[in-house]
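Asks: Mind having a look at this structure? Questions to follow.
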Amino acid sequence: MELPIYFISDVHLMLTESSEEDAKRQSLYRFLNFVRTTRGTLFFVGDLFDFYFEYPDMIPKSYFDFYNKAFQLRKAGVDLRFIAGNHDYWVLDFMKEKLMSHTYFDDTTFSIRGKNFYITHGDGLLSWDYGYRILKKIIRSPFFIWCFRSLHPTTAYKIARKVSRTENHPELPTEIKNKVRTELKKQASSHFEKGFDYMVCGHYHLNELIDAGKGKLAVLGDWQDQPSYAVFDGKELTLHQWENDD
Ligand SMILES: [Mn+2]
């Protein structure tokens with residue numbers, strides 16, 4: 001794996017056009033241009049798309065400009081890695097082989113320059129999230145996927161637009177944020193006890209780099225209104241606000 005290693009998550013590229021979406025994409029593409037100049041590796045740590053469900057012969061057209069941009073990066077030698085999130089788990093060969101160099105359907109780990117990384121999208125991690133873990137099993141099951149794939153794509157995407165609208169998700173209240181942070185720290189500490197130095201996760205949109213005992217936990221932000229990225233330069237993992245502190 002080539003350095004530097006970048007991590008972004010929860011971009012939630014939308015199926016529907018809007019001025020906010022356009023601004024977000026332009027900001028993302030400026031970031032991708034920047035990554036293109038440094039080369040290295042870029043991890044999309046889940047929920048890159050607000051909804052992505054690929055068919056054997058079809059891909060969603062709303063993301064055409066992103067595909068184009070990502071393809072340019074790959075051609076320029078950037079190693080693109082995709083961790084499937086709860087909004088974009090349903091990828092087939094277009095995403096896995098044409099666009100990304102690696103796709104992960106579960107948590108992944110790697111070691112580089114003596115540092116051990118634990119990477120996860122993070123959905124279903126919270127101890128009280130029982131209902132969600134059951135739902136996760138269902139919507140990732142081959143039978144559910146087979147049923148959904150049997151729907152006409154227009155119908156399938158109509159349902160998905162209703163279910164996965166992230167723009168309506170309010171920011172978490174401070175009290176819940178604190179509870180989530182404490183729980184994630186606990187999870188991270190147990191990984192650090194096993195010898196990991198860094199844990200990177202998405203999903204919770206906290207946009208924070210947290211010291212948790214022997215290691216550091218990056219809970220990435222989203223790209224709705226606080227674009228940020230984490231980067232490992234070979235020495236340490238840092239978190240940056242894109243176009244704010246760069
Ligand atoms: Mn998520």
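Residue numbers start at 1 in each chain; chains themselves are named A, B, ... in the order of the structure tokens; ligands are numbered from 1 in the order shown.
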Residues at most 12 Å from Ser127 (chain A), counting only C-alpha atoms, excluding those fewer than 5 positions away in the same chain, as a list in words?

Replies: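 Contacts, in chain order: Gly122, Tyr132, Arg133, Lys179, Val180, Thr182, Glu183, Leu184, Lys186 and Gln187 of chain A.
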
Asks: Using 8 Å as the limit and counting only C-alpha atoms and all ligand atoms, can you tabulate each residue of chain A that touches ligand 1, with its shortest atom-to-atom distance in Å and the two atoms involved, as JSON lines?

Replies:
```
{"residue": "A:Asp10", "atom": "CA", "partner": "ligand 1", "partner_atom_place_in_ligand_line": "1 (Mn)", "distance": 6.5}
{"residue": "A:Gly46", "atom": "CA", "partner": "ligand 1", "partner_atom_place_in_ligand_line": "1 (Mn)", "distance": 6.4}
{"residue": "A:Asp47", "atom": "CA", "partner": "ligand 1", "partner_atom_place_in_ligand_line": "1 (Mn)", "distance": 5.4}
{"residue": "A:Gly85", "atom": "CA", "partner": "ligand 1", "partner_atom_place_in_ligand_line": "1 (Mn)", "distance": 5.4}
{"residue": "A:Asn86", "atom": "CA", "partner": "ligand 1", "partner_atom_place_in_ligand_line": "1 (Mn)", "distance": 5.0}
{"residue": "A:His87", "atom": "CA", "partner": "ligand 1", "partner_atom_place_in_ligand_line": "1 (Mn)", "distance": 6.3}
{"residue": "A:His121", "atom": "CA", "partner": "ligand 1", "partner_atom_place_in_ligand_line": "1 (Mn)", "distance": 6.6}
{"residue": "A:Gly122", "atom": "CA", "partner": "ligand 1", "partner_atom_place_in_ligand_line": "1 (Mn)", "distance": 7.1}
{"residue": "A:Asp123", "atom": "CA", "partner": "ligand 1", "partner_atom_place_in_ligand_line": "1 (Mn)", "distance": 5.7}
{"residue": "A:Gly202", "atom": "CA", "partner": "ligand 1", "partner_atom_place_in_ligand_line": "1 (Mn)", "distance": 6.7}
{"residue": "A:His203", "atom": "CA", "partner": "ligand 1", "partner_atom_place_in_ligand_line": "1 (Mn)", "distance": 3.8}
{"residue": "A:Tyr204", "atom": "CA", "partner": "ligand 1", "partner_atom_place_in_ligand_line": "1 (Mn)", "distance": 7.1}
```

Asks: Since we have the selection now, will you write its residues out, keeping N, CA, C and O atoms, as a short mmCIF file (atom, residue, chain, number, x, y, z; two decimals), in the first residue's frame?

Replies:
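Now in out14.cif:
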```
data_model
loop_
_atom_site.label_atom_id
_atom_site.label_comp_id
_atom_site.auth_asym_id
_atom_site.auth_seq_id
_atom_site.Cartn_x
_atom_site.Cartn_y
_atom_site.Cartn_z
N ASP A 10 -18.80 8.80 4.39
CA ASP A 10 -20.11 9.44 4.46
C ASP A 10 -20.24 10.66 3.56
O ASP A 10 -20.75 11.69 3.97
N GLY A 46 -17.02 3.92 3.52
CA GLY A 46 -18.46 3.63 3.55
C GLY A 46 -19.36 4.82 3.31
O GLY A 46 -18.98 5.96 3.55
N ASP A 47 -20.56 4.53 2.81
CA ASP A 47 -21.56 5.55 2.52
C ASP A 47 -21.01 6.66 1.63
O ASP A 47 -21.28 7.85 1.84
N GLY A 85 -20.66 0.53 2.93
CA GLY A 85 -21.39 1.05 4.09
C GLY A 85 -22.83 0.56 4.09
O GLY A 85 -23.21 -0.28 3.26
N ASN A 86 -23.63 1.09 4.99
CA ASN A 86 -25.02 0.64 5.04
C ASN A 86 -25.87 1.25 3.94
O ASN A 86 -27.00 0.82 3.72
N HIS A 87 -25.35 2.29 3.23
CA HIS A 87 -26.10 2.86 2.11
C HIS A 87 -25.60 2.35 0.76
O HIS A 87 -26.23 2.60 -0.26
N HIS A 121 -16.60 0.66 8.64
CA HIS A 121 -17.59 1.73 8.44
C HIS A 121 -18.20 2.09 9.78
O HIS A 121 -18.40 3.25 10.09
N GLY A 122 -18.53 1.07 10.57
CA GLY A 122 -18.95 1.33 11.95
C GLY A 122 -20.43 1.12 12.24
O GLY A 122 -20.83 1.20 13.40
N ASP A 123 -21.24 0.84 11.22
CA ASP A 123 -22.66 0.66 11.51
C ASP A 123 -22.88 -0.63 12.29
O ASP A 123 -22.24 -1.64 12.03
N GLY A 202 -16.39 5.45 10.18
CA GLY A 202 -17.28 6.47 9.62
C GLY A 202 -18.61 6.39 10.33
O GLY A 202 -18.67 6.10 11.52
N HIS A 203 -19.66 6.60 9.59
CA HIS A 203 -21.05 6.37 9.99
C HIS A 203 -21.59 7.35 11.03
O HIS A 203 -22.74 7.75 10.95
N TYR A 204 -20.79 7.73 12.02
CA TYR A 204 -21.32 8.56 13.12
C TYR A 204 -21.08 10.05 12.90
O TYR A 204 -21.53 10.87 13.71
#
```

Asks: Compare A:Met58, A:Ala84, A:Leu126, A:Leu99 by their minimum atom-to-atom distance to Phe71 (chain A), counting only C-alpha atoms, and give me the closest one.

Replies: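 That would be A:Leu99, the residue with the smallest distance to Phe71 (chain A).
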
Asks: Using only C-alpha atoms, which protein or nucleic acid residues come within 7 Å of region 220-226 of chain A? Drop anything in the same chain fewer than 5 positions from it, and give the result as a PyMOL selection string.

Replies: chain A and resi 8-11+24+201-202+205-208

Asks: Using the selection just defined, write its residues with all heavy atoms as a PDB file, in the first residue's frame.

Replies:
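New file again_38.pdb:
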```pdb
ATOM      1  N   ILE A   8     -11.738   9.021   3.799  1.00  0.00           N
ATOM      2  CA  ILE A   8     -12.927   9.872   3.892  1.00  0.00           C
ATOM      3  C   ILE A   8     -14.139   8.948   3.983  1.00  0.00           C
ATOM      4  O   ILE A   8     -14.070   7.768   3.592  1.00  0.00           O
ATOM      5  CB  ILE A   8     -13.091  10.860   2.706  1.00  0.00           C
ATOM      6  CG1 ILE A   8     -13.309  10.126   1.379  1.00  0.00           C
ATOM      7  CG2 ILE A   8     -11.925  11.812   2.610  1.00  0.00           C
ATOM      8  CD1 ILE A   8     -13.694  11.076   0.239  1.00  0.00           C
ATOM      9  N   SER A   9     -15.236   9.465   4.512  1.00  0.00           N
ATOM     10  CA  SER A   9     -16.434   8.622   4.561  1.00  0.00           C
ATOM     11  C   SER A   9     -17.683   9.470   4.534  1.00  0.00           C
ATOM     12  O   SER A   9     -17.625  10.702   4.650  1.00  0.00           O
ATOM     13  CB  SER A   9     -16.427   7.746   5.812  1.00  0.00           C
ATOM     14  OG  SER A   9     -16.866   8.477   6.922  1.00  0.00           O
ATOM     15  N   ASP A  10     -18.795   8.797   4.388  1.00  0.00           N
ATOM     16  CA  ASP A  10     -20.112   9.436   4.460  1.00  0.00           C
ATOM     17  C   ASP A  10     -20.240  10.658   3.558  1.00  0.00           C
ATOM     18  O   ASP A  10     -20.749  11.695   3.968  1.00  0.00           O
ATOM     19  CB  ASP A  10     -20.441   9.774   5.926  1.00  0.00           C
ATOM     20  CG  ASP A  10     -20.441   8.511   6.772  1.00  0.00           C
ATOM     21  OD1 ASP A  10     -21.473   7.835   6.820  1.00  0.00           O
ATOM     22  OD2 ASP A  10     -19.369   8.159   7.338  1.00  0.00           O
ATOM     23  N   VAL A  11     -19.757  10.507   2.331  1.00  0.00           N
ATOM     24  CA  VAL A  11     -19.931  11.578   1.356  1.00  0.00           C
ATOM     25  C   VAL A  11     -21.416  11.651   0.976  1.00  0.00           C
ATOM     26  O   VAL A  11     -21.972  12.713   0.750  1.00  0.00           O
ATOM     27  CB  VAL A  11     -19.053  11.329   0.112  1.00  0.00           C
ATOM     28  CG1 VAL A  11     -19.260  12.446  -0.902  1.00  0.00           C
ATOM     29  CG2 VAL A  11     -17.574  11.244   0.490  1.00  0.00           C
ATOM     30  N   LYS A  24     -21.213  20.252  -2.900  1.00  0.00           N
ATOM     31  CA  LYS A  24     -20.517  19.160  -2.216  1.00  0.00           C
ATOM     32  C   LYS A  24     -19.632  18.395  -3.198  1.00  0.00           C
ATOM     33  O   LYS A  24     -18.483  18.079  -2.905  1.00  0.00           O
ATOM     34  CB  LYS A  24     -21.550  18.226  -1.587  1.00  0.00           C
ATOM     35  CG  LYS A  24     -20.931  17.066  -0.837  1.00  0.00           C
ATOM     36  CD  LYS A  24     -21.993  16.213  -0.165  1.00  0.00           C
ATOM     37  CE  LYS A  24     -22.661  15.305  -1.175  1.00  0.00           C
ATOM     38  NZ  LYS A  24     -23.829  14.612  -0.596  1.00  0.00           N
ATOM     39  N   CYS A 201     -13.130   4.956  11.677  1.00  0.00           N
ATOM     40  CA  CYS A 201     -14.502   4.572  11.354  1.00  0.00           C
ATOM     41  C   CYS A 201     -15.292   5.753  10.830  1.00  0.00           C
ATOM     42  O   CYS A 201     -14.894   6.914  10.966  1.00  0.00           O
ATOM     43  CB  CYS A 201     -15.178   3.880  12.531  1.00  0.00           C
ATOM     44  SG  CYS A 201     -15.950   4.939  13.727  1.00  0.00           S
ATOM     45  N   GLY A 202     -16.389   5.452  10.179  1.00  0.00           N
ATOM     46  CA  GLY A 202     -17.277   6.473   9.624  1.00  0.00           C
ATOM     47  C   GLY A 202     -18.614   6.387  10.329  1.00  0.00           C
ATOM     48  O   GLY A 202     -18.673   6.098  11.518  1.00  0.00           O
ATOM     49  N   HIS A 205     -20.356  10.382  11.838  1.00  0.00           N
ATOM     50  CA  HIS A 205     -20.202  11.774  11.396  1.00  0.00           C
ATOM     51  C   HIS A 205     -19.633  12.708  12.482  1.00  0.00           C
ATOM     52  O   HIS A 205     -19.941  13.889  12.484  1.00  0.00           O
ATOM     53  CB  HIS A 205     -21.540  12.360  10.916  1.00  0.00           C
ATOM     54  CG  HIS A 205     -22.233  11.582   9.844  1.00  0.00           C
ATOM     55  ND1 HIS A 205     -23.169  12.155   8.990  1.00  0.00           N
ATOM     56  CD2 HIS A 205     -22.149  10.291   9.455  1.00  0.00           C
ATOM     57  CE1 HIS A 205     -23.635  11.239   8.152  1.00  0.00           C
ATOM     58  NE2 HIS A 205     -23.028  10.101   8.417  1.00  0.00           N
ATOM     59  N   LEU A 206     -18.823  12.177  13.393  1.00  0.00           N
ATOM     60  CA  LEU A 206     -18.358  13.020  14.502  1.00  0.00           C
ATOM     61  C   LEU A 206     -17.276  14.008  14.089  1.00  0.00           C
ATOM     62  O   LEU A 206     -17.143  15.071  14.664  1.00  0.00           O
ATOM     63  CB  LEU A 206     -17.833  12.159  15.661  1.00  0.00           C
ATOM     64  CG  LEU A 206     -18.845  11.317  16.456  1.00  0.00           C
ATOM     65  CD1 LEU A 206     -18.146  10.635  17.628  1.00  0.00           C
ATOM     66  CD2 LEU A 206     -20.006  12.154  16.955  1.00  0.00           C
ATOM     67  N   ASN A 207     -16.464  13.632  13.101  1.00  0.00           N
ATOM     68  CA  ASN A 207     -15.382  14.510  12.649  1.00  0.00           C
ATOM     69  C   ASN A 207     -14.402  14.806  13.793  1.00  0.00           C
ATOM     70  O   ASN A 207     -14.120  15.954  14.100  1.00  0.00           O
ATOM     71  CB  ASN A 207     -16.004  15.800  12.084  1.00  0.00           C
ATOM     72  CG  ASN A 207     -15.000  16.662  11.349  1.00  0.00           C
ATOM     73  OD1 ASN A 207     -13.893  16.222  11.059  1.00  0.00           O
ATOM     74  ND2 ASN A 207     -15.388  17.887  11.046  1.00  0.00           N
ATOM     75  N   GLU A 208     -13.932  13.734  14.428  1.00  0.00           N
ATOM     76  CA  GLU A 208     -13.057  13.894  15.595  1.00  0.00           C
ATOM     77  C   GLU A 208     -11.939  12.853  15.588  1.00  0.00           C
ATOM     78  O   GLU A 208     -12.151  11.726  15.159  1.00  0.00           O
ATOM     79  CB  GLU A 208     -13.859  13.673  16.893  1.00  0.00           C
ATOM     80  CG  GLU A 208     -14.867  14.753  17.192  1.00  0.00           C
ATOM     81  CD  GLU A 208     -15.739  14.427  18.403  1.00  0.00           C
ATOM     82  OE1 GLU A 208     -15.385  13.509  19.163  1.00  0.00           O
ATOM     83  OE2 GLU A 208     -16.768  15.108  18.562  1.00  0.00           O
TER      84      GLU A 208
END
```

Asks: Using CA of Lys96 (chain A) and CA of Phe43 (chain A) as the two end points, give the distance in Å to one decimal.

Replies: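 Answer for the CA of Lys96 (chain A) to CA of Phe43 (chain A) separation: 13.3 Å.
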
Asks: Find the residues near Met199 (chain A): any atom within 10 Å, counting only C-alpha atoms, skip ones fewer than 3 places away on the same chain, and give them as an MDAnalysis selection string.

Replies: chainID A and resid 109 116:120 184:185 187:189 191:192 196 209:210 212 215:219 237

Asks: Could you turn the residues from that selection into a file that holds N, CA, C and O atoms, as a PDB file, in the first residue's frame?

Replies:
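Result saved to result_9.pdb:
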```pdb
ATOM      1  N   THR A 109      -8.133  -4.810   8.154  1.00  0.00           N
ATOM      2  CA  THR A 109      -6.958  -4.383   8.913  1.00  0.00           C
ATOM      3  C   THR A 109      -5.743  -4.398   7.993  1.00  0.00           C
ATOM      4  O   THR A 109      -5.731  -5.120   6.990  1.00  0.00           O
ATOM      5  N   ASN A 116      -0.387  -0.575  13.097  1.00  0.00           N
ATOM      6  CA  ASN A 116      -1.495  -1.470  12.773  1.00  0.00           C
ATOM      7  C   ASN A 116      -2.823  -0.715  12.757  1.00  0.00           C
ATOM      8  O   ASN A 116      -3.164  -0.039  13.728  1.00  0.00           O
ATOM      9  N   PHE A 117      -3.531  -0.853  11.645  1.00  0.00           N
ATOM     10  CA  PHE A 117      -4.792  -0.129  11.433  1.00  0.00           C
ATOM     11  C   PHE A 117      -5.984  -1.064  11.490  1.00  0.00           C
ATOM     12  O   PHE A 117      -5.935  -2.169  10.939  1.00  0.00           O
ATOM     13  N   TYR A 118      -7.054  -0.572  12.098  1.00  0.00           N
ATOM     14  CA  TYR A 118      -8.344  -1.281  12.071  1.00  0.00           C
ATOM     15  C   TYR A 118      -9.356  -0.337  11.428  1.00  0.00           C
ATOM     16  O   TYR A 118      -9.617   0.755  11.941  1.00  0.00           O
ATOM     17  N   ILE A 119      -9.905  -0.751  10.281  1.00  0.00           N
ATOM     18  CA  ILE A 119     -10.799   0.126   9.521  1.00  0.00           C
ATOM     19  C   ILE A 119     -12.205  -0.481   9.466  1.00  0.00           C
ATOM     20  O   ILE A 119     -12.361  -1.657   9.112  1.00  0.00           O
ATOM     21  N   THR A 120     -13.197   0.329   9.783  1.00  0.00           N
ATOM     22  CA  THR A 120     -14.580  -0.162   9.730  1.00  0.00           C
ATOM     23  C   THR A 120     -15.529   0.977   9.366  1.00  0.00           C
ATOM     24  O   THR A 120     -15.267   2.130   9.737  1.00  0.00           O
ATOM     25  N   LEU A 184     -17.662   4.198  21.321  1.00  0.00           N
ATOM     26  CA  LEU A 184     -16.658   3.953  20.276  1.00  0.00           C
ATOM     27  C   LEU A 184     -15.254   3.892  20.868  1.00  0.00           C
ATOM     28  O   LEU A 184     -14.421   3.099  20.431  1.00  0.00           O
ATOM     29  N   LYS A 185     -15.015   4.737  21.876  1.00  0.00           N
ATOM     30  CA  LYS A 185     -13.712   4.729  22.554  1.00  0.00           C
ATOM     31  C   LYS A 185     -13.451   3.378  23.203  1.00  0.00           C
ATOM     32  O   LYS A 185     -12.345   2.851  23.164  1.00  0.00           O
ATOM     33  N   GLN A 187     -14.731   0.496  22.278  1.00  0.00           N
ATOM     34  CA  GLN A 187     -14.467  -0.480  21.211  1.00  0.00           C
ATOM     35  C   GLN A 187     -13.031  -0.333  20.703  1.00  0.00           C
ATOM     36  O   GLN A 187     -12.332  -1.311  20.486  1.00  0.00           O
ATOM     37  N   ALA A 188     -12.633   0.943  20.518  1.00  0.00           N
ATOM     38  CA  ALA A 188     -11.290   1.209  20.000  1.00  0.00           C
ATOM     39  C   ALA A 188     -10.236   0.710  20.977  1.00  0.00           C
ATOM     40  O   ALA A 188      -9.269   0.053  20.579  1.00  0.00           O
ATOM     41  N   SER A 189     -10.448   0.981  22.265  1.00  0.00           N
ATOM     42  CA  SER A 189      -9.476   0.558  23.288  1.00  0.00           C
ATOM     43  C   SER A 189      -9.265  -0.943  23.242  1.00  0.00           C
ATOM     44  O   SER A 189      -8.134  -1.419  23.409  1.00  0.00           O
ATOM     45  N   HIS A 191      -9.458  -2.848  20.659  1.00  0.00           N
ATOM     46  CA  HIS A 191      -8.578  -3.126  19.506  1.00  0.00           C
ATOM     47  C   HIS A 191      -7.130  -2.745  19.836  1.00  0.00           C
ATOM     48  O   HIS A 191      -6.192  -3.444  19.470  1.00  0.00           O
ATOM     49  N   PHE A 192      -6.966  -1.623  20.540  1.00  0.00           N
ATOM     50  CA  PHE A 192      -5.615  -1.161  20.866  1.00  0.00           C
ATOM     51  C   PHE A 192      -4.922  -2.131  21.833  1.00  0.00           C
ATOM     52  O   PHE A 192      -3.718  -2.314  21.777  1.00  0.00           O
ATOM     53  N   PHE A 196      -3.485  -2.962  17.946  1.00  0.00           N
ATOM     54  CA  PHE A 196      -3.716  -1.953  16.903  1.00  0.00           C
ATOM     55  C   PHE A 196      -3.318  -0.580  17.417  1.00  0.00           C
ATOM     56  O   PHE A 196      -3.388  -0.306  18.620  1.00  0.00           O
ATOM     57  N   LEU A 209     -10.782  13.266  16.071  1.00  0.00           N
ATOM     58  CA  LEU A 209      -9.673  12.343  16.303  1.00  0.00           C
ATOM     59  C   LEU A 209      -9.529  12.227  17.814  1.00  0.00           C
ATOM     60  O   LEU A 209      -9.311  13.231  18.501  1.00  0.00           O
ATOM     61  N   ILE A 210      -9.712  11.025  18.323  1.00  0.00           N
ATOM     62  CA  ILE A 210      -9.839  10.841  19.769  1.00  0.00           C
ATOM     63  C   ILE A 210      -8.706   9.963  20.305  1.00  0.00           C
ATOM     64  O   ILE A 210      -8.426   8.900  19.748  1.00  0.00           O
ATOM     65  N   ALA A 212      -7.527   7.263  22.693  1.00  0.00           N
ATOM     66  CA  ALA A 212      -8.223   6.218  23.447  1.00  0.00           C
ATOM     67  C   ALA A 212      -7.185   5.227  23.951  1.00  0.00           C
ATOM     68  O   ALA A 212      -6.921   4.211  23.317  1.00  0.00           O
ATOM     69  N   GLY A 215      -3.978   4.015  21.663  1.00  0.00           N
ATOM     70  CA  GLY A 215      -4.056   4.356  20.248  1.00  0.00           C
ATOM     71  C   GLY A 215      -4.923   5.565  19.979  1.00  0.00           C
ATOM     72  O   GLY A 215      -5.391   6.239  20.896  1.00  0.00           O
ATOM     73  N   LYS A 216      -5.134   5.812  18.687  1.00  0.00           N
ATOM     74  CA  LYS A 216      -5.968   6.946  18.282  1.00  0.00           C
ATOM     75  C   LYS A 216      -7.126   6.456  17.442  1.00  0.00           C
ATOM     76  O   LYS A 216      -6.953   5.609  16.558  1.00  0.00           O
ATOM     77  N   LEU A 217      -8.288   7.030  17.699  1.00  0.00           N
ATOM     78  CA  LEU A 217      -9.507   6.674  16.980  1.00  0.00           C
ATOM     79  C   LEU A 217      -9.966   7.864  16.145  1.00  0.00           C
ATOM     80  O   LEU A 217     -10.178   8.955  16.690  1.00  0.00           O
ATOM     81  N   ALA A 218     -10.077   7.659  14.827  1.00  0.00           N
ATOM     82  CA  ALA A 218     -10.612   8.713  13.970  1.00  0.00           C
ATOM     83  C   ALA A 218     -12.051   8.355  13.632  1.00  0.00           C
ATOM     84  O   ALA A 218     -12.311   7.316  13.029  1.00  0.00           O
ATOM     85  N   VAL A 219     -12.972   9.202  14.076  1.00  0.00           N
ATOM     86  CA  VAL A 219     -14.373   9.038  13.666  1.00  0.00           C
ATOM     87  C   VAL A 219     -14.605  10.121  12.620  1.00  0.00           C
ATOM     88  O   VAL A 219     -14.700  11.305  12.945  1.00  0.00           O
ATOM     89  N   LEU A 237      -1.273   9.589  12.275  1.00  0.00           N
ATOM     90  CA  LEU A 237      -2.595   9.795  11.684  1.00  0.00           C
ATOM     91  C   LEU A 237      -3.124  11.150  12.145  1.00  0.00           C
ATOM     92  O   LEU A 237      -3.139  11.444  13.340  1.00  0.00           O
TER      93      LEU A 237
END
```

Asks: For each of A:Phe82, A:Tyr198, A:Tyr29, A:Tyr6, take the minimum atom-to-atom distance to Phe49 (chain A), counting only C-alpha atoms, then give the residue where this is smallest.

Replies: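 Checking each of A:Phe82, A:Tyr198, A:Tyr29, A:Tyr6 against Phe49 (chain A), counting only C-alpha atoms, the winner is A:Phe82.
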
Asks: Can you list, as a PyMOL selection string, all residues belonging to region 109-226 of chain A that DSSP tags as helix (DSSP H, G or I)?

Replies: chain A and resi 130-139+142-150+153-163+166-168+174-193

Asks: Enumerate as a ChimeraX atom specification all residues of region 35-228 of chain A assigned to strand (DSSP E) by DSSP on the backbone, naming them with the chain letters and numbers the document uses.

Replies: /A:41-44,79-83,102-104,108-112,115-120,198-201,208-212,215-219,228
